[in-house]
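This is protein.pdb (PDB, C-alpha atoms and all ligand atoms).
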```pdb
ATOM      1  CA  MET A   6     116.928 161.221   0.456  1.00  0.00           C
ATOM      2  CA  LYS A   7     114.872 164.344   1.132  1.00  0.00           C
ATOM      3  CA  GLN A   8     115.786 167.309  -1.008  1.00  0.00           C
ATOM      4  CA  ASP A   9     115.275 170.991  -1.513  1.00  0.00           C
ATOM      5  CA  THR A  10     113.809 171.579  -4.979  1.00  0.00           C
ATOM      6  CA  THR A  11     112.909 174.640  -7.075  1.00  0.00           C
ATOM      7  CA  LYS A  12     109.276 173.892  -6.166  1.00  0.00           C
ATOM      8  CA  HIS A  13     110.128 174.273  -2.465  1.00  0.00           C
ATOM      9  CA  GLN A  14     112.120 177.431  -3.187  1.00  0.00           C
ATOM     10  CA  GLY A  15     109.145 178.913  -5.036  1.00  0.00           C
ATOM     11  CA  LYS A  16     106.825 178.148  -2.129  1.00  0.00           C
ATOM     12  CA  ARG A  17     109.294 179.762   0.262  1.00  0.00           C
ATOM     13  CA  ARG A  18     109.294 182.943  -1.832  1.00  0.00           C
ATOM     14  CA  GLN A  19     105.484 183.011  -1.528  1.00  0.00           C
ATOM     15  CA  LEU A  20     105.744 182.502   2.244  1.00  0.00           C
ATOM     16  CA  VAL A  21     108.204 185.411   2.493  1.00  0.00           C
ATOM     17  CA  GLU A  22     105.772 187.641   0.568  1.00  0.00           C
ATOM     18  CA  LEU A  23     102.994 186.640   2.980  1.00  0.00           C
ATOM     19  CA  LEU A  24     105.167 187.445   6.001  1.00  0.00           C
ATOM     20  CA  LYS A  25     105.953 190.868   4.512  1.00  0.00           C
ATOM     21  CA  GLN A  26     102.203 191.485   4.102  1.00  0.00           C
ATOM     22  CA  LYS A  27     101.763 190.516   7.760  1.00  0.00           C
ATOM     23  CA  GLY A  28     104.284 193.185   8.780  1.00  0.00           C
ATOM     24  CA  ILE A  29     107.677 191.465   8.983  1.00  0.00           C
ATOM     25  CA  THR A  30     110.319 193.851   7.622  1.00  0.00           C
ATOM     26  CA  GLN A  31     113.741 192.764   8.895  1.00  0.00           C
ATOM     27  CA  LYS A  32     115.851 191.567   5.963  1.00  0.00           C
ATOM     28  CA  ALA A  33     117.893 189.050   7.935  1.00  0.00           C
ATOM     29  CA  VAL A  34     114.680 187.379   9.156  1.00  0.00           C
ATOM     30  CA  LEU A  35     113.085 187.281   5.703  1.00  0.00           C
ATOM     31  CA  ASN A  36     116.324 185.974   4.168  1.00  0.00           C
ATOM     32  CA  ALA A  37     116.510 183.175   6.734  1.00  0.00           C
ATOM     33  CA  ILE A  38     112.921 182.106   6.100  1.00  0.00           C
ATOM     34  CA  GLY A  39     113.454 182.396   2.352  1.00  0.00           C
ATOM     35  CA  GLU A  40     116.476 180.102   2.472  1.00  0.00           C
ATOM     36  CA  ILE A  41     115.855 177.520   5.201  1.00  0.00           C
ATOM     37  CA  PRO A  42     114.102 174.343   3.941  1.00  0.00           C
ATOM     38  CA  ARG A  43     111.281 174.145   6.522  1.00  0.00           C
ATOM     39  CA  HIS A  44     109.984 170.959   4.873  1.00  0.00           C
ATOM     40  CA  LEU A  45     113.093 169.165   6.124  1.00  0.00           C
ATOM     41  CA  PHE A  46     112.110 169.954   9.749  1.00  0.00           C
ATOM     42  CA  LEU A  47     108.712 168.235   9.445  1.00  0.00           C
ATOM     43  CA  ASP A  48     107.474 164.654   9.547  1.00  0.00           C
ATOM     44  CA  SER A  49     106.902 163.282   6.047  1.00  0.00           C
ATOM     45  CA  SER A  50     103.083 163.463   6.329  1.00  0.00           C
ATOM     46  CA  PHE A  51     103.215 167.282   6.606  1.00  0.00           C
ATOM     47  CA  VAL A  52     105.965 167.965   4.061  1.00  0.00           C
ATOM     48  CA  ASP A  53     103.555 169.122   1.356  1.00  0.00           C
ATOM     49  CA  HIS A  54     102.138 171.764   3.712  1.00  0.00           C
ATOM     50  CA  ALA A  55     105.486 173.007   5.027  1.00  0.00           C
ATOM     51  CA  TYR A  56     105.206 176.477   3.482  1.00  0.00           C
ATOM     52  CA  GLN A  57     101.744 177.255   4.774  1.00  0.00           C
ATOM     53  CA  ASP A  58     101.818 179.781   7.596  1.00  0.00           C
ATOM     54  CA  LYS A  59     100.785 177.159  10.137  1.00  0.00           C
ATOM     55  CA  ALA A  60     102.108 175.271  13.142  1.00  0.00           C
ATOM     56  CA  PHE A  61     102.294 171.464  12.722  1.00  0.00           C
ATOM     57  CA  PRO A  62     102.684 168.541  15.098  1.00  0.00           C
ATOM     58  CA  ILE A  63     106.206 167.153  15.597  1.00  0.00           C
ATOM     59  CA  ALA A  64     107.420 164.263  17.795  1.00  0.00           C
ATOM     60  CA  SER A  65     106.718 164.090  21.558  1.00  0.00           C
ATOM     61  CA  ASP A  66     103.313 165.834  21.167  1.00  0.00           C
ATOM     62  CA  GLN A  67     104.998 169.175  20.473  1.00  0.00           C
ATOM     63  CA  THR A  68     104.707 171.618  17.560  1.00  0.00           C
ATOM     64  CA  ILE A  69     106.880 173.444  15.050  1.00  0.00           C
ATOM     65  CA  SER A  70     105.835 177.094  15.439  1.00  0.00           C
ATOM     66  CA  GLN A  71     103.954 178.951  12.717  1.00  0.00           C
ATOM     67  CA  PRO A  72     106.416 180.779  10.398  1.00  0.00           C
ATOM     68  CA  TYR A  73     104.851 184.150  11.315  1.00  0.00           C
ATOM     69  CA  THR A  74     105.512 183.443  15.002  1.00  0.00           C
ATOM     70  CA  VAL A  75     109.121 182.449  14.280  1.00  0.00           C
ATOM     71  CA  ALA A  76     109.576 185.598  12.173  1.00  0.00           C
ATOM     72  CA  PHE A  77     107.897 187.838  14.776  1.00  0.00           C
ATOM     73  CA  GLN A  78     109.981 186.535  17.675  1.00  0.00           C
ATOM     74  CA  SER A  79     113.181 186.678  15.591  1.00  0.00           C
ATOM     75  CA  GLU A  80     112.450 190.287  14.589  1.00  0.00           C
ATOM     76  CA  GLN A  81     111.661 191.344  18.142  1.00  0.00           C
ATOM     77  CA  LEU A  82     115.054 190.022  19.290  1.00  0.00           C
ATOM     78  CA  GLN A  83     116.800 192.829  17.316  1.00  0.00           C
ATOM     79  CA  LEU A  84     119.624 190.410  16.767  1.00  0.00           C
ATOM     80  CA  GLU A  85     123.052 191.330  15.452  1.00  0.00           C
ATOM     81  CA  PRO A  86     125.531 188.816  14.042  1.00  0.00           C
ATOM     82  CA  GLY A  87     127.833 187.373  16.705  1.00  0.00           C
ATOM     83  CA  MET A  88     125.395 187.850  19.582  1.00  0.00           C
ATOM     84  CA  LYS A  89     125.138 185.063  22.141  1.00  0.00           C
ATOM     85  CA  VAL A  90     121.569 183.733  22.182  1.00  0.00           C
ATOM     86  CA  LEU A  91     119.885 181.271  24.526  1.00  0.00           C
ATOM     87  CA  GLU A  92     116.830 179.524  23.071  1.00  0.00           C
ATOM     88  CA  ILE A  93     114.418 177.634  25.325  1.00  0.00           C
ATOM     89  CA  GLY A  94     112.513 174.932  23.419  1.00  0.00           C
ATOM     90  CA  THR A  95     114.564 173.581  20.494  1.00  0.00           C
ATOM     91  CA  GLY A  96     111.531 171.628  19.222  1.00  0.00           C
ATOM     92  CA  SER A  97     112.075 170.790  15.539  1.00  0.00           C
ATOM     93  CA  GLY A  98     115.217 172.948  15.411  1.00  0.00           C
ATOM     94  CA  TYR A  99     113.683 175.303  12.819  1.00  0.00           C
ATOM     95  CA  GLN A 100     113.850 178.451  14.983  1.00  0.00           C
ATOM     96  CA  THR A 101     117.395 177.413  15.971  1.00  0.00           C
ATOM     97  CA  ALA A 102     118.298 177.279  12.269  1.00  0.00           C
ATOM     98  CA  VAL A 103     116.827 180.770  11.755  1.00  0.00           C
ATOM     99  CA  LEU A 104     118.964 182.130  14.617  1.00  0.00           C
ATOM    100  CA  CYS A 105     122.096 180.416  13.226  1.00  0.00           C
ATOM    101  CA  HIS A 106     121.340 181.787   9.751  1.00  0.00           C
ATOM    102  CA  MET A 107     121.122 185.283  11.280  1.00  0.00           C
ATOM    103  CA  GLY A 108     124.672 184.855  12.574  1.00  0.00           C
ATOM    104  CA  ALA A 109     123.950 184.237  16.258  1.00  0.00           C
ATOM    105  CA  GLU A 110     126.007 182.038  18.571  1.00  0.00           C
ATOM    106  CA  VAL A 111     123.175 179.781  19.695  1.00  0.00           C
ATOM    107  CA  TYR A 112     122.693 177.741  22.872  1.00  0.00           C
ATOM    108  CA  THR A 113     119.417 175.835  22.739  1.00  0.00           C
ATOM    109  CA  ILE A 114     117.662 173.718  25.380  1.00  0.00           C
ATOM    110  CA  GLU A 115     115.016 171.013  24.881  1.00  0.00           C
ATOM    111  CA  ARG A 116     113.404 168.905  27.611  1.00  0.00           C
ATOM    112  CA  GLN A 117     112.060 166.133  25.324  1.00  0.00           C
ATOM    113  CA  HIS A 118     114.854 163.661  24.665  1.00  0.00           C
ATOM    114  CA  GLU A 119     113.481 162.498  21.306  1.00  0.00           C
ATOM    115  CA  LEU A 120     113.403 166.071  19.963  1.00  0.00           C
ATOM    116  CA  PHE A 121     116.867 166.789  21.373  1.00  0.00           C
ATOM    117  CA  ARG A 122     118.202 163.651  19.668  1.00  0.00           C
ATOM    118  CA  ILE A 123     116.591 164.508  16.299  1.00  0.00           C
ATOM    119  CA  SER A 124     117.953 168.094  16.309  1.00  0.00           C
ATOM    120  CA  LEU A 125     121.411 166.915  17.302  1.00  0.00           C
ATOM    121  CA  LYS A 126     121.560 165.031  13.988  1.00  0.00           C
ATOM    122  CA  ARG A 127     119.349 167.224  11.794  1.00  0.00           C
ATOM    123  CA  LEU A 128     120.882 170.666  12.347  1.00  0.00           C
ATOM    124  CA  PRO A 129     124.498 169.845  11.395  1.00  0.00           C
ATOM    125  CA  ALA A 130     123.261 167.657   8.518  1.00  0.00           C
ATOM    126  CA  LEU A 131     121.532 170.762   7.100  1.00  0.00           C
ATOM    127  CA  GLY A 132     124.584 172.968   7.706  1.00  0.00           C
ATOM    128  CA  PHE A 133     123.441 174.664  10.943  1.00  0.00           C
ATOM    129  CA  ASN A 134     125.848 174.567  13.848  1.00  0.00           C
ATOM    130  CA  PRO A 135     124.534 175.941  17.121  1.00  0.00           C
ATOM    131  CA  LYS A 136     127.254 176.356  19.762  1.00  0.00           C
ATOM    132  CA  LYS A 137     125.500 173.803  21.996  1.00  0.00           C
ATOM    133  CA  LEU A 138     122.311 171.746  22.070  1.00  0.00           C
ATOM    134  CA  ILE A 139     121.358 170.991  25.645  1.00  0.00           C
ATOM    135  CA  PHE A 140     119.003 168.295  26.908  1.00  0.00           C
ATOM    136  CA  GLY A 141     117.441 169.719  30.065  1.00  0.00           C
ATOM    137  CA  ASP A 142     115.007 172.058  31.756  1.00  0.00           C
ATOM    138  CA  GLY A 143     114.955 175.471  30.128  1.00  0.00           C
ATOM    139  CA  TYR A 144     113.389 177.034  33.237  1.00  0.00           C
ATOM    140  CA  LYS A 145     116.913 176.927  34.686  1.00  0.00           C
ATOM    141  CA  GLY A 146     118.540 178.410  31.574  1.00  0.00           C
ATOM    142  CA  PHE A 147     122.172 177.491  30.985  1.00  0.00           C
ATOM    143  CA  PRO A 148     124.163 179.454  33.609  1.00  0.00           C
ATOM    144  CA  GLU A 149     127.462 177.868  32.492  1.00  0.00           C
ATOM    145  CA  ARG A 150     127.583 180.253  29.489  1.00  0.00           C
ATOM    146  CA  ALA A 151     125.630 183.235  30.877  1.00  0.00           C
ATOM    147  CA  PRO A 152     125.186 186.141  30.403  1.00  0.00           C
ATOM    148  CA  TYR A 153     123.341 186.099  27.072  1.00  0.00           C
ATOM    149  CA  ASP A 154     122.740 189.048  24.731  1.00  0.00           C
ATOM    150  CA  ARG A 155     119.365 187.613  23.815  1.00  0.00           C
ATOM    151  CA  ILE A 156     117.016 184.951  25.212  1.00  0.00           C
ATOM    152  CA  ILE A 157     114.105 183.538  23.221  1.00  0.00           C
ATOM    153  CA  VAL A 158     111.496 181.274  24.778  1.00  0.00           C
ATOM    154  CA  THR A 159     109.408 179.271  22.281  1.00  0.00           C
ATOM    155  CA  ALA A 160     106.863 177.759  24.693  1.00  0.00           C
ATOM    156  CA  GLY A 161     104.155 179.510  26.722  1.00  0.00           C
ATOM    157  CA  ALA A 162     105.412 180.351  30.228  1.00  0.00           C
ATOM    158  CA  PRO A 163     102.938 180.906  33.106  1.00  0.00           C
ATOM    159  CA  SER A 164     105.265 183.681  34.328  1.00  0.00           C
ATOM    160  CA  VAL A 165     108.754 184.981  33.508  1.00  0.00           C
ATOM    161  CA  PRO A 166     111.354 182.576  34.973  1.00  0.00           C
ATOM    162  CA  GLU A 167     113.664 184.441  37.394  1.00  0.00           C
ATOM    163  CA  ALA A 168     116.628 182.269  36.399  1.00  0.00           C
ATOM    164  CA  LEU A 169     116.344 183.497  32.804  1.00  0.00           C
ATOM    165  CA  LEU A 170     116.172 187.168  33.816  1.00  0.00           C
ATOM    166  CA  ALA A 171     119.359 186.637  35.832  1.00  0.00           C
ATOM    167  CA  GLN A 172     121.150 185.237  32.759  1.00  0.00           C
ATOM    168  CA  LEU A 173     120.508 188.301  30.589  1.00  0.00           C
ATOM    169  CA  VAL A 174     123.382 190.734  30.059  1.00  0.00           C
ATOM    170  CA  ILE A 175     122.701 194.382  30.991  1.00  0.00           C
ATOM    171  CA  GLY A 176     121.253 195.872  27.787  1.00  0.00           C
ATOM    172  CA  GLY A 177     120.127 192.393  26.710  1.00  0.00           C
ATOM    173  CA  LYS A 178     116.630 191.380  25.598  1.00  0.00           C
ATOM    174  CA  MET A 179     114.359 188.431  26.189  1.00  0.00           C
ATOM    175  CA  VAL A 180     111.371 187.584  23.971  1.00  0.00           C
ATOM    176  CA  ILE A 181     108.942 185.336  25.824  1.00  0.00           C
ATOM    177  CA  PRO A 182     105.256 184.392  25.455  1.00  0.00           C
ATOM    178  CA  VAL A 183     103.564 184.580  28.859  1.00  0.00           C
ATOM    179  CA  GLY A 184     100.121 183.243  29.777  1.00  0.00           C
ATOM    180  CA  GLU A 185      98.326 179.980  30.563  1.00  0.00           C
ATOM    181  CA  HIS A 186      96.102 179.220  27.533  1.00  0.00           C
ATOM    182  CA  GLN A 187      96.841 182.183  25.299  1.00  0.00           C
ATOM    183  CA  GLN A 188     100.004 184.196  25.673  1.00  0.00           C
ATOM    184  CA  LYS A 189     101.046 187.824  25.332  1.00  0.00           C
ATOM    185  CA  MET A 190     104.438 188.231  23.725  1.00  0.00           C
ATOM    186  CA  LEU A 191     106.714 190.146  26.105  1.00  0.00           C
ATOM    187  CA  VAL A 192     109.942 191.853  25.124  1.00  0.00           C
ATOM    188  CA  ILE A 193     111.963 192.411  28.284  1.00  0.00           C
ATOM    189  CA  THR A 194     115.091 194.599  28.269  1.00  0.00           C
ATOM    190  CA  ARG A 195     117.550 194.487  31.163  1.00  0.00           C
ATOM    191  CA  THR A 196     118.415 198.119  31.896  1.00  0.00           C
ATOM    192  CA  SER A 197     120.636 197.602  34.986  1.00  0.00           C
ATOM    193  CA  SER A 198     121.647 194.820  37.386  1.00  0.00           C
ATOM    194  CA  THR A 199     118.279 195.223  39.123  1.00  0.00           C
ATOM    195  CA  ASP A 200     115.968 196.831  36.548  1.00  0.00           C
ATOM    196  CA  PHE A 201     114.010 195.543  33.560  1.00  0.00           C
ATOM    197  CA  GLU A 202     111.688 197.257  31.077  1.00  0.00           C
ATOM    198  CA  GLN A 203     108.814 195.346  29.556  1.00  0.00           C
ATOM    199  CA  LEU A 204     106.943 195.755  26.291  1.00  0.00           C
ATOM    200  CA  VAL A 205     103.670 193.817  25.903  1.00  0.00           C
ATOM    201  CA  LEU A 206     102.913 192.819  22.295  1.00  0.00           C
ATOM    202  CA  GLY A 207     100.186 190.726  20.586  1.00  0.00           C
ATOM    203  CA  ASP A 208      98.445 187.454  21.440  1.00  0.00           C
ATOM    204  CA  PHE A 209      99.909 184.075  20.523  1.00  0.00           C
ATOM    205  CA  ARG A 210      99.204 180.428  21.321  1.00  0.00           C
ATOM    206  CA  PHE A 211     102.083 178.115  22.244  1.00  0.00           C
ATOM    207  CA  VAL A 212     102.465 174.662  23.791  1.00  0.00           C
ATOM    208  CA  PRO A 213     103.267 175.117  27.494  1.00  0.00           C
ATOM    209  CA  LEU A 214     106.707 175.606  28.991  1.00  0.00           C
ATOM    210  CA  LEU A 215     106.851 172.602  31.305  1.00  0.00           C
ATOM    211  CA  GLY A 216     108.950 172.351  34.439  1.00  0.00           C
ATOM    212  CA  ASP A 217     110.307 169.479  36.527  1.00  0.00           C
ATOM    213  CA  LYS A 218     106.941 168.841  38.164  1.00  0.00           C
ATOM    214  CA  ASN A 219     104.995 168.329  34.865  1.00  0.00           C
TER     215      ASN A 219
HETATM  216  N1  LIG B   1     111.060 176.681  18.182  1.00  0.00           N
HETATM  217  C1  LIG B   1     110.489 175.405  17.936  1.00  0.00           C
HETATM  218  C2  LIG B   1     110.418 175.038  16.478  1.00  0.00           C
HETATM  219  O1  LIG B   1     110.636 175.910  15.649  1.00  0.00           O
HETATM  220  O2  LIG B   1     110.161 173.876  16.208  1.00  0.00           O
HETATM  221  C3  LIG B   1     109.105 175.325  18.492  1.00  0.00           C
HETATM  222  C4  LIG B   1     109.092 174.639  19.731  1.00  0.00           C
HETATM  223  S1  LIG B   1     107.584 174.120  20.457  1.00  0.00           S
HETATM  224  C5  LIG B   1     106.416 175.372  20.163  1.00  0.00           C
HETATM  225  C6  LIG B   1     108.073 174.356  22.166  1.00  0.00           C
HETATM  226  C7  LIG B   1     109.167 173.435  22.623  1.00  0.00           C
HETATM  227  O3  LIG B   1     109.499 173.780  23.977  1.00  0.00           O
HETATM  228  C8  LIG B   1     108.770 171.963  22.655  1.00  0.00           C
HETATM  229  O4  LIG B   1     109.675 171.225  21.896  1.00  0.00           O
HETATM  230  C9  LIG B   1     108.840 171.597  24.132  1.00  0.00           C
HETATM  231  O5  LIG B   1     109.245 170.266  24.361  1.00  0.00           O
HETATM  232  C10 LIG B   1     109.858 172.600  24.647  1.00  0.00           C
HETATM  233  N2  LIG B   1     109.792 172.836  26.090  1.00  0.00           N
HETATM  234  C11 LIG B   1     108.717 172.946  26.898  1.00  0.00           C
HETATM  235  N3  LIG B   1     109.102 173.168  28.171  1.00  0.00           N
HETATM  236  C12 LIG B   1     110.471 173.201  28.157  1.00  0.00           C
HETATM  237  C13 LIG B   1     111.461 173.384  29.153  1.00  0.00           C
HETATM  238  N4  LIG B   1     111.154 173.594  30.446  1.00  0.00           N
HETATM  239  N5  LIG B   1     112.746 173.351  28.790  1.00  0.00           N
HETATM  240  C14 LIG B   1     113.117 173.161  27.485  1.00  0.00           C
HETATM  241  N6  LIG B   1     112.224 172.959  26.496  1.00  0.00           N
HETATM  242  C15 LIG B   1     110.913 172.989  26.825  1.00  0.00           C
END
```

Show how you would write the structure in this file as structure tokens.
Ligand code: SAM
Amino acid sequence: MKQDTTKHQGKRRQLVELLKQKGITQKAVLNAIGEIPRHLFLDSSFVDHAYQDKAFPIASDQTISQPYTVAFQSEQLQLEPGMKVLEIGTGSGYQTAVLCHMGAEVYTIERQHELFRISLKRLPALGFNPKKLIFGDGYKGFPERAPYDRIIVTAGAPSVPEALLAQLVIGGKMVIPVGEHQQKMLVITRTSSTDFEQLVLGDFRFVPLLGDKN
């Protein structure tokens, strides 16, 4: 049975220090990364590297995001406990766990069935209970429970999906990497029923957000 040991905890403390040096300041984000056993979200061959600030391959040719990317996106969300959050791209479930740890009510969508199935078991087994894990196409969002206070997209989108903008509450924020090969991180705030403000932040590299046609 895989475990969390003092060795893992020590490595997590070092990772948190590194993220602080890279500019992450929000306590709730640093606490989540300091407490969540990332090694339990990885395939056994990568477990020894789990606390390096790197992305790693997971099932279905996808990746678990680099801890800095997870921390950066989580910080940009400006999340408060109790907020309703839609995540597109459950992947390993690690970012989902961070959002749960920060007190969000999380809806998360994954289009790869194997990853969906793994997270469905893994998250509750580790004590994380998102409101709903959804197997489906995140381009469409999850209108059944809209509007959302926050939306986070963890795959690179060629453009901002209209359906997601429509599912954001007025005053709500979406953090989404946009671009074909390299992405700019956008923070979009809905300011009225028709208006949005956009902040363009640094460069990142994500696996692509795939639609029905891919
Ligand atoms: N947050 C994840 C983690 O911490 O492991 C990282 C996820 S990985 C970078 C991006 C994920 O988005 C992949 O699991 C991929 O299958 C998923 N994805 C891509 N297109 C999608 C779509 N249209 N709907 C839902 N998930 C999608």

Around range 136-153 of chain A, with edges along x, y and z and 3 Å added on all six sides, what centre and edge lengths do you get, in Å to one decimal, as AutoDock Vina command-line options?
```
--center_x 120.5 --center_y 177.2 --center_z 27.2 --size_x 20.2 --size_y 23.8 --size_z 20.9
```

* Expand the PyMOL selection byres (((chain A and resi 137) around 8) and not hetatm) into the individual residues it matches in the shown file, reporting them as an NGL selection string. => :A and (111-113 or 135-136 or 138-139)

* To do: Run through the PyMOL selection byres (((chain A and resi 65) around 12) and not hetatm) on the given coordinates and return the selected residues as JSON, numbers by chain.
  => {"A": [62, 63, 64, 66, 67, 68, 69, 96, 97, 115, 116, 117, 118, 119, 120, 121, 122, 123, 212]}

Identify all residues satisfying the PyMOL selection byres (((not hetatm)) within 8 of (chain B and resi 1)) in the given file; provide them as a CSV table (one decimal) with C-alpha atoms, keeping the file's coordinate frame.
```csv
chain,number,residue,atom,x,y,z
A,46,PHE,CA,112.1,170.0,9.7
A,63,ILE,CA,106.2,167.2,15.6
A,65,SER,CA,106.7,164.1,21.6
A,67,GLN,CA,105.0,169.2,20.5
A,68,THR,CA,104.7,171.6,17.6
A,69,ILE,CA,106.9,173.4,15.0
A,70,SER,CA,105.8,177.1,15.4
A,71,GLN,CA,104.0,179.0,12.7
A,75,VAL,CA,109.1,182.4,14.3
A,93,ILE,CA,114.4,177.6,25.3
A,94,GLY,CA,112.5,174.9,23.4
A,95,THR,CA,114.6,173.6,20.5
A,96,GLY,CA,111.5,171.6,19.2
A,97,SER,CA,112.1,170.8,15.5
A,98,GLY,CA,115.2,172.9,15.4
A,99,TYR,CA,113.7,175.3,12.8
A,100,GLN,CA,113.8,178.5,15.0
A,101,THR,CA,117.4,177.4,16.0
A,114,ILE,CA,117.7,173.7,25.4
A,115,GLU,CA,115.0,171.0,24.9
A,116,ARG,CA,113.4,168.9,27.6
A,117,GLN,CA,112.1,166.1,25.3
A,120,LEU,CA,113.4,166.1,20.0
A,140,PHE,CA,119.0,168.3,26.9
A,141,GLY,CA,117.4,169.7,30.1
A,142,ASP,CA,115.0,172.1,31.8
A,143,GLY,CA,115.0,175.5,30.1
A,144,TYR,CA,113.4,177.0,33.2
A,145,LYS,CA,116.9,176.9,34.7
A,158,VAL,CA,111.5,181.3,24.8
A,159,THR,CA,109.4,179.3,22.3
A,160,ALA,CA,106.9,177.8,24.7
A,161,GLY,CA,104.2,179.5,26.7
A,211,PHE,CA,102.1,178.1,22.2
A,212,VAL,CA,102.5,174.7,23.8
A,213,PRO,CA,103.3,175.1,27.5
A,214,LEU,CA,106.7,175.6,29.0
A,215,LEU,CA,106.9,172.6,31.3
A,216,GLY,CA,109.0,172.4,34.4
A,217,ASP,CA,110.3,169.5,36.5
```

* Asked: Do you know which residues are at most 12 Å from range 187-197 of chain A counting only C-alpha atoms, after dropping those on the same chain fewer than 5 positions away, and could you put them as a count of residues only?
  -> 50

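Counting all atoms listed in the file and comparing A:Arg150, A:Lys12, A:Lys89, A:Arg43, the residue that lies closest to Arg127 in chain A is A:Arg43.
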
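CA of Gln14 in chain A to CA of Leu84 in chain A spans 25.0 Å [interatomic distance, one decimal].
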
* From A:Ala76, A:Gly15, A:Gly87, A:Val103, residue lying nearest Ala37 in chain A [all atoms listed in the file] -> A:Val103

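In this structure, CA of Pro86 in chain A sits 24.1 Å away from CA of Lys126 in chain A.
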
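Closest to Glu40 in chain A among A:Lys25, A:His54, A:His186, A:Arg18 is A:Arg18, based on all atoms listed in the file.
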
* Structure fact -> note - CA of Gly108 in chain A and CA of Met88 in chain A are separated by 7.7 Å

* Spatial neighbours of Leu45 in chain A, 9 Å, all atoms listed in the file, chain gap at least 5 places, as a VMD selection string -> chain A and resid 7 to 9 52 55 127 131

* **Selected residue, from A:Tyr56, A:Thr199, A:His44, A:Ala33, that lies nearest to Gln19 in chain A when counting all atoms listed in the file** => A:Tyr56
